[in-house]
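Quick look at target-v4.txt (compact mmCIF, C-alpha atoms):
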# COMPACT_ATOMS: atom_id res chain seq x y z
CA MET C 1 24.84 90.02 35.60
CA THR C 2 26.96 90.43 32.48
CA LEU C 3 25.82 88.39 29.49
CA TYR C 4 27.85 87.72 26.36
CA SER C 5 26.16 87.39 22.98
CA THR C 6 27.05 84.56 20.62
CA ASP C 7 28.86 87.04 18.36
CA THR C 8 30.93 88.25 21.32
CA VAL C 9 31.78 84.71 22.41
CA CYS C 10 32.81 83.79 18.86
CA SER C 11 34.99 86.91 18.64
CA VAL C 12 36.68 86.15 21.97
CA THR C 13 37.28 82.46 21.26
CA GLY C 14 37.76 82.48 17.49
CA VAL C 15 35.27 79.66 16.95
CA LEU C 16 32.24 79.61 14.68
CA PRO C 17 28.64 79.65 15.92
CA THR C 18 28.29 76.21 14.31
CA THR C 19 31.19 74.98 16.45
CA LEU C 20 29.43 76.16 19.60
CA ARG C 21 26.34 74.23 18.50
CA ARG C 22 28.49 71.11 17.94
CA TRP C 23 29.93 71.48 21.43
CA ARG C 24 26.43 71.84 22.89
CA ARG C 25 25.20 68.68 21.10
CA ALA C 26 28.27 66.82 22.39
CA GLY C 27 27.38 67.84 25.96
CA LEU C 28 30.52 69.94 26.42
CA ILE C 29 28.82 73.29 27.02
CA ALA C 30 25.33 74.45 27.98
CA ALA C 31 22.97 76.52 25.87
CA PRO C 32 23.00 80.30 26.48
CA ALA C 33 21.50 81.21 29.83
CA SER C 34 18.98 83.48 28.10
CA LYS C 35 18.19 85.05 24.74
CA SER C 36 20.68 87.78 25.68
CA GLY C 37 23.61 85.38 25.73
CA TYR C 38 26.05 83.40 27.86
CA THR C 39 26.98 84.07 31.49
CA GLY C 40 30.54 84.63 32.63
CA SER C 41 30.79 81.07 33.98
CA GLN C 42 29.49 79.71 30.66
CA LEU C 43 32.12 81.71 28.78
CA THR C 44 34.78 80.27 31.10
CA ARG C 45 33.51 76.77 30.29
CA ILE C 46 33.66 77.52 26.56
CA LEU C 47 37.25 78.72 26.90
CA THR C 48 38.08 75.53 28.82
CA VAL C 49 36.60 73.36 26.06
CA GLN C 50 38.51 75.38 23.49
CA ILE C 51 41.79 74.64 25.29
CA LEU C 52 40.93 70.93 25.57
CA THR C 53 39.98 70.58 21.91
CA HIS C 54 43.30 72.22 20.94
CA ALA C 55 44.89 68.89 21.88
CA GLY C 56 43.11 67.26 18.92
CA ASP C 57 41.01 64.79 20.90
CA THR C 58 37.57 63.90 19.54
CA LEU C 59 34.56 65.55 21.13
CA PRO C 60 33.52 62.29 22.88
CA GLU C 61 37.05 62.05 24.31
CA VAL C 62 36.86 65.63 25.59
CA HIS C 63 33.47 64.83 27.14
CA THR C 64 35.01 61.84 28.92
CA LEU C 65 37.83 64.02 30.19
CA LEU C 66 35.33 66.49 31.65
CA THR C 67 32.96 63.92 33.17
CA GLN C 68 35.04 60.78 33.81
CA PRO C 69 38.71 61.83 33.90
CA ASN C 70 39.80 58.41 35.15
CA ALA C 71 38.43 56.81 31.97
CA TYR C 72 39.95 59.40 29.63
CA ARG C 73 42.34 58.25 26.88
CA HIS C 74 44.22 60.79 24.76
CA SER C 75 44.35 60.41 20.97
CA GLY C 76 45.36 63.81 19.61
CA TRP C 77 46.21 65.43 16.29
CA ALA C 78 48.41 62.58 15.07
CA CYS C 79 45.33 60.35 15.07
CA ARG C 80 43.25 63.01 13.28
CA GLU C 81 45.96 63.30 10.59
CA GLU C 82 46.10 59.53 10.21
CA GLU C 83 42.32 59.42 9.95
CA LEU C 84 42.28 61.97 7.13
CA LEU C 85 45.22 60.33 5.38
CA THR C 86 43.46 56.97 5.43
CA LEU C 87 40.34 58.51 3.91
CA LEU C 88 42.48 60.29 1.31
CA HIS C 89 43.55 56.88 -0.02
CA GLN C 90 39.92 56.00 -0.72
CA ASP C 91 38.22 57.11 -3.92
CA ASP C 92 34.97 58.44 -2.44
CA THR C 93 33.54 61.48 -0.66
CA GLN C 94 34.33 60.33 2.90
CA PHE C 95 37.44 62.51 3.07
CA ASP C 96 35.50 65.69 2.19
CA ASP C 97 32.70 64.83 4.61
CA ARG C 98 35.07 64.16 7.50
CA LEU C 99 37.10 67.28 6.68
CA TRP C 100 33.96 69.41 6.91
CA GLN C 101 32.93 67.74 10.15
CA MET C 102 36.35 68.30 11.75
CA GLY C 103 36.32 71.90 10.60
CA LEU C 104 33.16 72.43 12.62
CA GLU C 105 34.37 70.59 15.73
CA TYR C 106 37.63 72.48 16.31
CA SER C 107 38.69 76.10 16.22
CA SER C 108 40.14 76.97 12.83
CA ASP C 109 43.49 77.99 14.36
CA ALA C 110 43.98 74.59 15.97
CA PHE C 111 42.66 72.62 12.99
CA VAL C 112 44.86 74.42 10.46
CA HIS C 113 48.02 74.75 12.56
CA HIS C 114 48.02 71.28 14.12
CA CYS C 115 46.38 69.12 11.46
CA LEU C 116 46.02 70.53 7.95
CA ARG C 117 49.37 72.29 7.60
CA PRO C 118 51.38 69.32 8.94
CA LEU C 119 49.40 67.00 6.65
CA ASN C 120 50.08 69.29 3.68
CA LEU C 121 53.82 69.25 4.41
CA TRP C 122 53.82 65.46 4.83
CA LEU C 123 52.05 64.93 1.53
CA ARG C 124 54.55 67.16 -0.26
CA SER C 125 57.45 65.08 1.09
CA ASP C 126 55.80 61.74 0.24
CA PHE C 127 57.23 59.84 -2.73
CA HIS C 128 55.33 56.57 -2.40
CA VAL C 129 53.13 55.21 -5.17
CA GLY C 130 50.08 57.44 -5.67
CA ALA C 131 51.60 60.40 -3.80
CA THR C 132 50.95 62.86 -6.62
CA CYS C 133 47.28 61.86 -6.85
CA ARG C 134 46.85 62.16 -3.07
CA LEU C 135 48.44 65.61 -3.03
CA THR C 136 46.29 66.76 -5.94
CA ARG C 137 43.16 65.51 -4.22
CA PHE C 138 44.19 67.13 -0.92
CA HIS C 139 44.76 70.49 -2.62
CA ALA C 140 41.40 70.28 -4.41
CA ALA C 141 39.70 69.43 -1.10
CA MET C 142 41.29 72.47 0.61
CA VAL C 143 40.14 74.76 -2.21
CA ASP C 144 36.61 73.35 -1.98
CA HIS C 145 36.56 73.50 1.83
CA ALA C 146 37.78 77.10 1.86
CA GLY C 147 35.21 78.03 -0.77
CA ARG C 148 32.38 76.49 1.22
CA MET C 149 33.49 78.30 4.38
CA MET C 150 33.87 81.65 2.61
CA ASN C 151 30.45 81.32 0.96
CA SER C 152 28.91 80.49 4.32
CA ALA C 153 30.59 83.52 5.93
CA TYR C 154 28.89 85.85 3.46
CA ARG C 155 25.56 84.86 4.97
CA ARG C 156 26.72 86.07 8.41
CA LYS C 157 27.50 89.54 9.72
CA THR C 158 31.26 89.16 9.79
CA VAL C 159 34.20 91.52 9.25
CA PRO C 160 35.21 91.71 5.56
CA LEU C 161 38.88 90.92 4.92
CA PHE C 162 40.93 90.83 1.73
CA LEU C 163 43.61 88.10 1.69
CA GLU C 164 46.28 88.54 -0.98
CA ALA C 165 48.92 85.94 -1.86
CA VAL C 166 52.15 87.96 -2.17
CA SER C 167 54.32 84.83 -2.34
CA VAL C 168 53.80 81.14 -1.57
CA THR C 169 55.94 78.05 -1.13
CA ASP C 170 53.16 75.80 -2.39
CA ALA C 171 49.74 76.17 -3.98
CA THR C 172 47.81 75.01 -0.92
CA GLU C 173 49.10 77.24 1.88
CA ILE C 174 47.09 80.34 0.93
CA TRP C 175 43.86 78.29 0.96
CA LEU C 176 44.73 76.99 4.42
CA GLU C 177 45.15 80.57 5.60
CA ALA C 178 41.75 81.43 4.11
CA ILE C 179 40.24 78.55 6.09
CA ARG C 180 41.91 79.77 9.28
CA LEU C 181 40.81 83.39 8.91
CA THR C 182 37.25 82.48 7.91
CA GLY C 183 37.01 80.27 10.99
CA GLN C 184 38.07 83.24 13.12
CA GLY C 185 34.96 85.09 11.98
CA PHE C 186 36.17 87.06 8.95
CA ARG C 187 34.37 87.30 5.62
CA VAL C 188 37.34 86.55 3.40
CA GLU C 189 37.85 87.55 -0.21
CA LEU C 190 40.88 85.67 -1.51
CA SER C 191 43.33 86.56 -4.28
CA PRO C 192 45.27 83.24 -4.51
CA ASP C 193 47.42 83.93 -7.58
CA VAL C 194 50.83 85.52 -7.00
CA SER C 195 51.49 88.48 -9.29
CA ALA C 196 54.14 91.18 -9.67
CA LEU C 197 51.37 93.77 -9.37
CA PRO C 198 49.28 94.49 -6.25
CA ALA C 199 46.02 92.54 -6.22
CA THR C 200 42.69 94.34 -6.48
CA ALA C 201 39.71 93.35 -4.35
CA LEU C 202 36.32 92.99 -6.00
CA LYS C 203 34.40 93.77 -2.81
CA GLU C 204 34.73 96.34 -0.05
CA TYR C 205 36.84 95.25 2.91
CA GLU C 206 38.02 96.57 6.28
CA HIS C 207 41.30 94.65 6.59
CA HIS C 208 43.93 93.68 4.03
CA VAL C 209 46.26 90.78 4.83
CA MET C 210 49.25 90.26 2.54
CA TRP C 211 50.40 86.63 2.87
CA CYS C 212 54.16 86.18 2.45
CA GLY C 213 55.12 82.52 2.21
CA ALA C 214 58.48 83.17 0.53
CA GLY C 215 59.35 86.83 1.07
CA ILE C 216 58.06 90.04 -0.47
CA SER C 217 59.42 92.00 -3.41
CA HIS C 218 60.64 95.59 -3.07
CA THR C 219 57.81 96.77 -5.31
CA LYS C 220 55.07 95.17 -3.23
CA HIS C 221 56.76 96.22 0.02
CA ALA C 222 56.79 99.82 -1.19
CA HIS C 223 53.07 99.49 -1.97
CA TYR C 224 52.52 98.09 1.53
CA GLN C 225 54.38 101.04 3.10
CA GLN C 226 52.31 103.52 1.08
CA ARG C 227 49.12 101.87 2.31
CA LEU C 228 50.34 102.07 5.91
CA GLU C 229 51.21 105.74 5.59
CA ALA C 230 47.75 106.36 4.15
CA GLY C 231 46.24 104.87 7.32
CA ASP C 232 44.85 101.74 5.66
CA MET C 233 44.28 98.58 7.73
CA VAL C 234 46.93 96.49 5.99
CA MET C 235 49.38 93.97 7.45
CA LEU C 236 52.01 91.49 6.36
CA SER C 237 51.44 87.89 7.44
CA GLY C 238 52.99 84.51 6.78
CA PRO C 239 56.19 82.64 7.66
CA ASP C 240 58.60 84.73 5.53
CA THR C 241 58.18 88.51 5.29
CA ARG C 242 61.80 89.33 4.34
CA LEU C 243 62.55 91.51 1.31
CA VAL C 244 63.65 89.51 -1.74
CA SER C 245 64.81 90.50 -5.20
For the structure just supplied, provide its representation as structure tokens.
Amino acid sequence: MTLYSTDTVCSVTGVLPTTLRRWRRAGLIAAPASKSGYTGSQLTRILTVQILTHAGDTLPEVHTLLTQPNAYRHSGWACREEELLTLLHQDDTQFDDRLWQMGLEYSSDAFVHHCLRPLNLWLRSDFHVGATCRLTRFHAAMVDHAGRMMNSAYRRKTVPLFLEAVSVTDATEIWLEAIRLTGQGFRVELSPDVSALPATALKEYEHHVMWCGAGISHTKHAHYQQRLEAGDMVMLSGPDTRLVS
């Protein structure tokens, strides 16, 4: 019988070991069949839970869907965004605590794509009283959350990755990408400040991701091409990789 280690399962699903433990405590998945890892049927169950959590329902709601489908009520990402926004209005640590908890309950791809990025865009288009303070607090929370995740990743045997901000549309987006990549199992070193010169990593890395939020200059694109021709593991990422003056 084929068994899959926790590291293998995390690589396949893109979720953290802590997330698997959260899912086990919530009764969504079973513990590994043995010390050697999960069975094929257990991996299938984990993939099923991953798909269900991508809808943004709470873990108790997903448990109800799996065990009592007739009693299931969908809430989704809109409710998670509203929950965080409500806490953002309050001057305490509840927002940071809930942010950390959500980050452990969902895959980083789903959490960033369906909750944090939409919330970031909404806050940047908000002009109500206190909007600037809320946006400032949100950005600070993303920086802190990314830092905590990256520090935690250095205690695990994960793949080292260098994330460079080539261009950004706002100050928060590169930190959200750091959160997403760290949650996928990478040990991220981040260079968040955009510069005309190529960034230099302080640590050794296996992959180099150049984040392009608003295009890439000819100089940096030439540097990227040179790295590719040298056989380096480098790639362009982000919503806008076009050449700009």
*Which residue gives the smallest distance to Gln184 in chain C among C:Thr86, C:Pro69, C:Asp109, C:Ser237, with all atoms listed in the file counted?*
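That would be C:Asp109, the residue with the smallest distance to Gln184 in chain C.
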*Which neighbours of range 4-16 of chain C fall inside 12 Å, counting all atoms listed in the file, when residues of the same chain fewer than 3 positions from it are skipped, and could you give them as a PyMOL selection string?*
chain C and resi 1+19-23+31-51+53-54+103-111+149+152-153+156-159+179-186
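Residues lying within 9 Å of Val62 in chain C, counting only C-alpha atoms and ignoring same-chain neighbours fewer than 2 positions away, are Leu28, Val49, Leu52, Thr53, Asp57, Thr58, Leu59, Pro60, Thr64, Leu65, Leu66, Thr67, Tyr72 and His74 of chain C.
In this comparison, which uses only C-alpha atoms, the residue of C:Leu243, C:Cys212, C:Ala131, C:Ala140 approaching Leu85 in chain C most closely is C:Ala131.
You can rank C:Ala30, C:Leu87, C:Leu176, C:Met233 by their closest distance to Pro118 in chain C using all atoms listed in the file, and at the top of that list sits C:Leu176.
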*asked:* From (50.2, 75.9, 1.5), in the file's coordinates, out to 9 Å: which residues are reached, counting all atoms listed in the file? Answer as a VMD selection string.
replied: chain C and resid 117 120 to 121 139 168 to 177 213
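Coordinates place CA of Val244 in chain C at a distance of 24.9 Å from CA of Gly231 in chain C.
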Find the nearest atom pair between each residue of range 114-199 of chain C and range 221-226 of chain C for residues within 12 Å, count all atoms listed in the file, give distances in Å to one decimal, sort rows by chain and ascending number, and present the table as a Markdown table.
| residue | atom | partner | partner_atom | distance |
| --- | --- | --- | --- | --- |
| C:Glu164 | CA | C:Tyr224 | CA | 11.7 |
| C:Val166 | CA | C:His221 | CA | 9.7 |
| C:Ser167 | CA | C:His221 | CA | 11.9 |
| C:Ala196 | CA | C:His221 | CA | 11.2 |
| C:Leu197 | CA | C:His223 | CA | 9.5 |
| C:Pro198 | CA | C:His223 | CA | 7.6 |
| C:Ala199 | CA | C:His223 | CA | 10.8 |
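Close contacts of Tyr205 in chain C, defined as residues with an atom at most 9 Å away when counting only C-alpha atoms, with chain neighbours fewer than 6 positions off set aside, comprise Val159, Pro160, Leu161, Phe162, Arg187, Val188 and Glu189 of chain C.
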*In Å, with one decimal, what is the gap from CA of Val129 in chain C to CA of Cys79 in chain C?*
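Distance between the two atoms: 22.3 Å.
Here CA of Leu84 in chain C stands at a distance of 16.0 Å from CA of Val143 in chain C.
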*Which residue gives the smallest distance to Asp96 in chain C among C:Leu190, C:Ala230, C:Met142, C:Leu163, with only C-alpha atoms counted?*
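Of C:Leu190, C:Ala230, C:Met142, C:Leu163, the one nearest Asp96 in chain C, counting only C-alpha atoms, is C:Met142.
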_For a quick check of understanding, using all atoms listed in the file, which of C:Val209, C:Leu88, C:Val112, C:Ala78 has the smallest distance to Cys133 in chain C?_
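Nearest candidate to Cys133 in chain C out of C:Val209, C:Leu88, C:Val112, C:Ala78: C:Leu88.
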_Within 7 Å of (42.6, 67.6, 5.7) in the file's own coordinates, which protein, DNA or RNA residues have an atom, counting all atoms listed in the file? List them as a list in words._
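Collected hits near the coordinates: Leu84, Leu99, Leu116, Leu119 and Phe138 of chain C.
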Prev. selection, C-alpha atoms, output as an mmCIF file, keeping the file's coordinate frame:
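Full text of out-v1.cif as output:
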data_model
loop_
_atom_site.group_PDB
_atom_site.id
_atom_site.type_symbol
_atom_site.label_atom_id
_atom_site.label_comp_id
_atom_site.auth_asym_id
_atom_site.auth_seq_id
_atom_site.Cartn_x
_atom_site.Cartn_y
_atom_site.Cartn_z
ATOM 1 C CA LEU C 84 42.280 61.970 7.130
ATOM 2 C CA LEU C 99 37.100 67.280 6.680
ATOM 3 C CA LEU C 116 46.020 70.530 7.950
ATOM 4 C CA LEU C 119 49.400 67.000 6.650
ATOM 5 C CA PHE C 138 44.190 67.130 -0.920
#
*Of the listed residues C:Glu81, C:Asp232, C:Glu61, C:Glu204, that which approaches His114 in chain C most closely, counting all atoms listed in the file*: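 Of all the options, C:Glu81 lies closest to His114 in chain C.
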Mind working out the centre and edge lengths of an axis-aligned box for range 157-167 of chain C, all listed atoms inside, 4 Å added to each side, rounded to one decimal in Å and written as JSON?
{"center_x": 40.9, "center_y": 88.3, "center_z": 3.7, "size_x": 34.8, "size_y": 14.9, "size_z": 20.1}
With N, CA, C and O atoms as the goal, would you fill in the gaps in range 139-164 of chain C and present it as a PDB file, in the frame of the given file?
ATOM      1  N   HIS C 139      44.822  69.076  -2.241  1.00  0.00           N
ATOM      2  CA  HIS C 139      44.760  70.490  -2.620  1.00  0.00           C
ATOM      3  C   HIS C 139      43.346  70.855  -3.079  1.00  0.00           C
ATOM      4  O   HIS C 139      42.795  71.892  -2.667  1.00  0.00           O
ATOM      5  N   ALA C 140      42.754  70.017  -3.917  1.00  0.00           N
ATOM      6  CA  ALA C 140      41.400  70.280  -4.410  1.00  0.00           C
ATOM      7  C   ALA C 140      40.399  70.334  -3.249  1.00  0.00           C
ATOM      8  O   ALA C 140      39.478  71.160  -3.239  1.00  0.00           O
ATOM      9  N   ALA C 141      40.596  69.461  -2.264  1.00  0.00           N
ATOM     10  CA  ALA C 141      39.700  69.430  -1.100  1.00  0.00           C
ATOM     11  C   ALA C 141      39.849  70.712  -0.279  1.00  0.00           C
ATOM     12  O   ALA C 141      38.860  71.243   0.240  1.00  0.00           O
ATOM     13  N   MET C 142      41.087  71.238  -0.149  1.00  0.00           N
ATOM     14  CA  MET C 142      41.290  72.470   0.610  1.00  0.00           C
ATOM     15  C   MET C 142      40.642  73.651  -0.110  1.00  0.00           C
ATOM     16  O   MET C 142      40.039  74.533   0.521  1.00  0.00           O
ATOM     17  N   VAL C 143      40.772  73.688  -1.437  1.00  0.00           N
ATOM     18  CA  VAL C 143      40.140  74.760  -2.210  1.00  0.00           C
ATOM     19  C   VAL C 143      38.616  74.706  -2.041  1.00  0.00           C
ATOM     20  O   VAL C 143      37.962  75.731  -1.824  1.00  0.00           O
ATOM     21  N   ASP C 144      38.055  73.515  -2.126  1.00  0.00           N
ATOM     22  CA  ASP C 144      36.610  73.350  -1.980  1.00  0.00           C
ATOM     23  C   ASP C 144      36.154  73.695  -0.572  1.00  0.00           C
ATOM     24  O   ASP C 144      35.141  74.375  -0.383  1.00  0.00           O
ATOM     25  N   HIS C 145      36.923  73.243   0.433  1.00  0.00           N
ATOM     26  CA  HIS C 145      36.560  73.500   1.830  1.00  0.00           C
ATOM     27  C   HIS C 145      36.614  74.997   2.132  1.00  0.00           C
ATOM     28  O   HIS C 145      35.692  75.547   2.753  1.00  0.00           O
ATOM     29  N   ALA C 146      37.669  75.657   1.656  1.00  0.00           N
ATOM     30  CA  ALA C 146      37.780  77.100   1.860  1.00  0.00           C
ATOM     31  C   ALA C 146      36.636  77.835   1.169  1.00  0.00           C
ATOM     32  O   ALA C 146      36.053  78.770   1.730  1.00  0.00           O
ATOM     33  N   GLY C 147      36.301  77.396  -0.045  1.00  0.00           N
ATOM     34  CA  GLY C 147      35.210  78.030  -0.770  1.00  0.00           C
ATOM     35  C   GLY C 147      33.879  77.889  -0.054  1.00  0.00           C
ATOM     36  O   GLY C 147      33.101  78.855   0.024  1.00  0.00           O
ATOM     37  N   ARG C 148      33.625  76.704   0.487  1.00  0.00           N
ATOM     38  CA  ARG C 148      32.380  76.490   1.220  1.00  0.00           C
ATOM     39  C   ARG C 148      32.323  77.382   2.466  1.00  0.00           C
ATOM     40  O   ARG C 148      31.274  77.971   2.779  1.00  0.00           O
ATOM     41  N   MET C 149      33.449  77.474   3.174  1.00  0.00           N
ATOM     42  CA  MET C 149      33.490  78.300   4.380  1.00  0.00           C
ATOM     43  C   MET C 149      33.306  79.778   4.044  1.00  0.00           C
ATOM     44  O   MET C 149      32.563  80.491   4.731  1.00  0.00           O
ATOM     45  N   MET C 150      33.969  80.246   2.984  1.00  0.00           N
ATOM     46  CA  MET C 150      33.870  81.650   2.610  1.00  0.00           C
ATOM     47  C   MET C 150      32.461  81.993   2.151  1.00  0.00           C
ATOM     48  O   MET C 150      31.928  83.061   2.484  1.00  0.00           O
ATOM     49  N   ASN C 151      31.828  81.092   1.395  1.00  0.00           N
ATOM     50  CA  ASN C 151      30.450  81.320   0.960  1.00  0.00           C
ATOM     51  C   ASN C 151      29.503  81.375   2.154  1.00  0.00           C
ATOM     52  O   ASN C 151      28.577  82.195   2.200  1.00  0.00           O
ATOM     53  N   SER C 152      29.743  80.504   3.120  1.00  0.00           N
ATOM     54  CA  SER C 152      28.910  80.490   4.320  1.00  0.00           C
ATOM     55  C   SER C 152      29.080  81.775   5.121  1.00  0.00           C
ATOM     56  O   SER C 152      28.109  82.302   5.685  1.00  0.00           O
ATOM     57  N   ALA C 153      30.315  82.300   5.160  1.00  0.00           N
ATOM     58  CA  ALA C 153      30.590  83.520   5.930  1.00  0.00           C
ATOM     59  C   ALA C 153      29.854  84.724   5.372  1.00  0.00           C
ATOM     60  O   ALA C 153      29.513  85.653   6.113  1.00  0.00           O
ATOM     61  N   TYR C 154      29.592  84.724   4.063  1.00  0.00           N
ATOM     62  CA  TYR C 154      28.890  85.850   3.460  1.00  0.00           C
ATOM     63  C   TYR C 154      27.428  85.916   3.870  1.00  0.00           C
ATOM     64  O   TYR C 154      26.762  86.934   3.652  1.00  0.00           O
ATOM     65  N   ARG C 155      26.935  84.843   4.472  1.00  0.00           N
ATOM     66  CA  ARG C 155      25.560  84.860   4.970  1.00  0.00           C
ATOM     67  C   ARG C 155      25.491  85.345   6.411  1.00  0.00           C
ATOM     68  O   ARG C 155      24.407  85.477   6.970  1.00  0.00           O
ATOM     69  N   ARG C 156      26.673  85.584   7.028  1.00  0.00           N
ATOM     70  CA  ARG C 156      26.720  86.070   8.410  1.00  0.00           C
ATOM     71  C   ARG C 156      27.242  87.500   8.437  1.00  0.00           C
ATOM     72  O   ARG C 156      27.869  87.973   7.506  1.00  0.00           O
ATOM     73  N   LYS C 157      26.980  88.184   9.543  1.00  0.00           N
ATOM     74  CA  LYS C 157      27.500  89.540   9.720  1.00  0.00           C
ATOM     75  C   LYS C 157      28.920  89.443  10.271  1.00  0.00           C
ATOM     76  O   LYS C 157      29.133  89.478  11.488  1.00  0.00           O
ATOM     77  N   THR C 158      29.878  89.294   9.375  1.00  0.00           N
ATOM     78  CA  THR C 158      31.260  89.160   9.790  1.00  0.00           C
ATOM     79  C   THR C 158      32.102  90.261   9.170  1.00  0.00           C
ATOM     80  O   THR C 158      31.685  90.938   8.233  1.00  0.00           O
ATOM     81  N   VAL C 159      33.304  90.440   9.689  1.00  0.00           N
ATOM     82  CA  VAL C 159      34.200  91.520   9.250  1.00  0.00           C
ATOM     83  C   VAL C 159      34.813  91.165   7.901  1.00  0.00           C
ATOM     84  O   VAL C 159      35.463  90.126   7.764  1.00  0.00           O
ATOM     85  N   PRO C 160      34.642  92.021   6.875  1.00  0.00           N
ATOM     86  CA  PRO C 160      35.210  91.710   5.560  1.00  0.00           C
ATOM     87  C   PRO C 160      36.724  91.897   5.542  1.00  0.00           C
ATOM     88  O   PRO C 160      37.251  92.889   6.055  1.00  0.00           O
ATOM     89  N   LEU C 161      37.408  90.933   4.960  1.00  0.00           N
ATOM     90  CA  LEU C 161      38.880  90.920   4.920  1.00  0.00           C
ATOM     91  C   LEU C 161      39.345  90.486   3.543  1.00  0.00           C
ATOM     92  O   LEU C 161      38.806  89.541   2.970  1.00  0.00           O
ATOM     93  N   PHE C 162      40.348  91.167   3.020  1.00  0.00           N
ATOM     94  CA  PHE C 162      40.930  90.830   1.730  1.00  0.00           C
ATOM     95  C   PHE C 162      42.267  90.135   1.973  1.00  0.00           C
ATOM     96  O   PHE C 162      43.169  90.688   2.591  1.00  0.00           O
ATOM     97  N   LEU C 163      42.394  88.888   1.504  1.00  0.00           N
ATOM     98  CA  LEU C 163      43.610  88.100   1.690  1.00  0.00           C
ATOM     99  C   LEU C 163      44.311  87.969   0.344  1.00  0.00           C
ATOM    100  O   LEU C 163      43.782  87.369  -0.592  1.00  0.00           O
ATOM    101  N   GLU C 164      45.514  88.530   0.266  1.00  0.00           N
ATOM    102  CA  GLU C 164      46.280  88.540  -0.980  1.00  0.00           C
ATOM    103  C   GLU C 164      47.507  87.646  -0.858  1.00  0.00           C
ATOM    104  O   GLU C 164      48.273  87.762   0.104  1.00  0.00           O
TER     105      GLU C 164
END
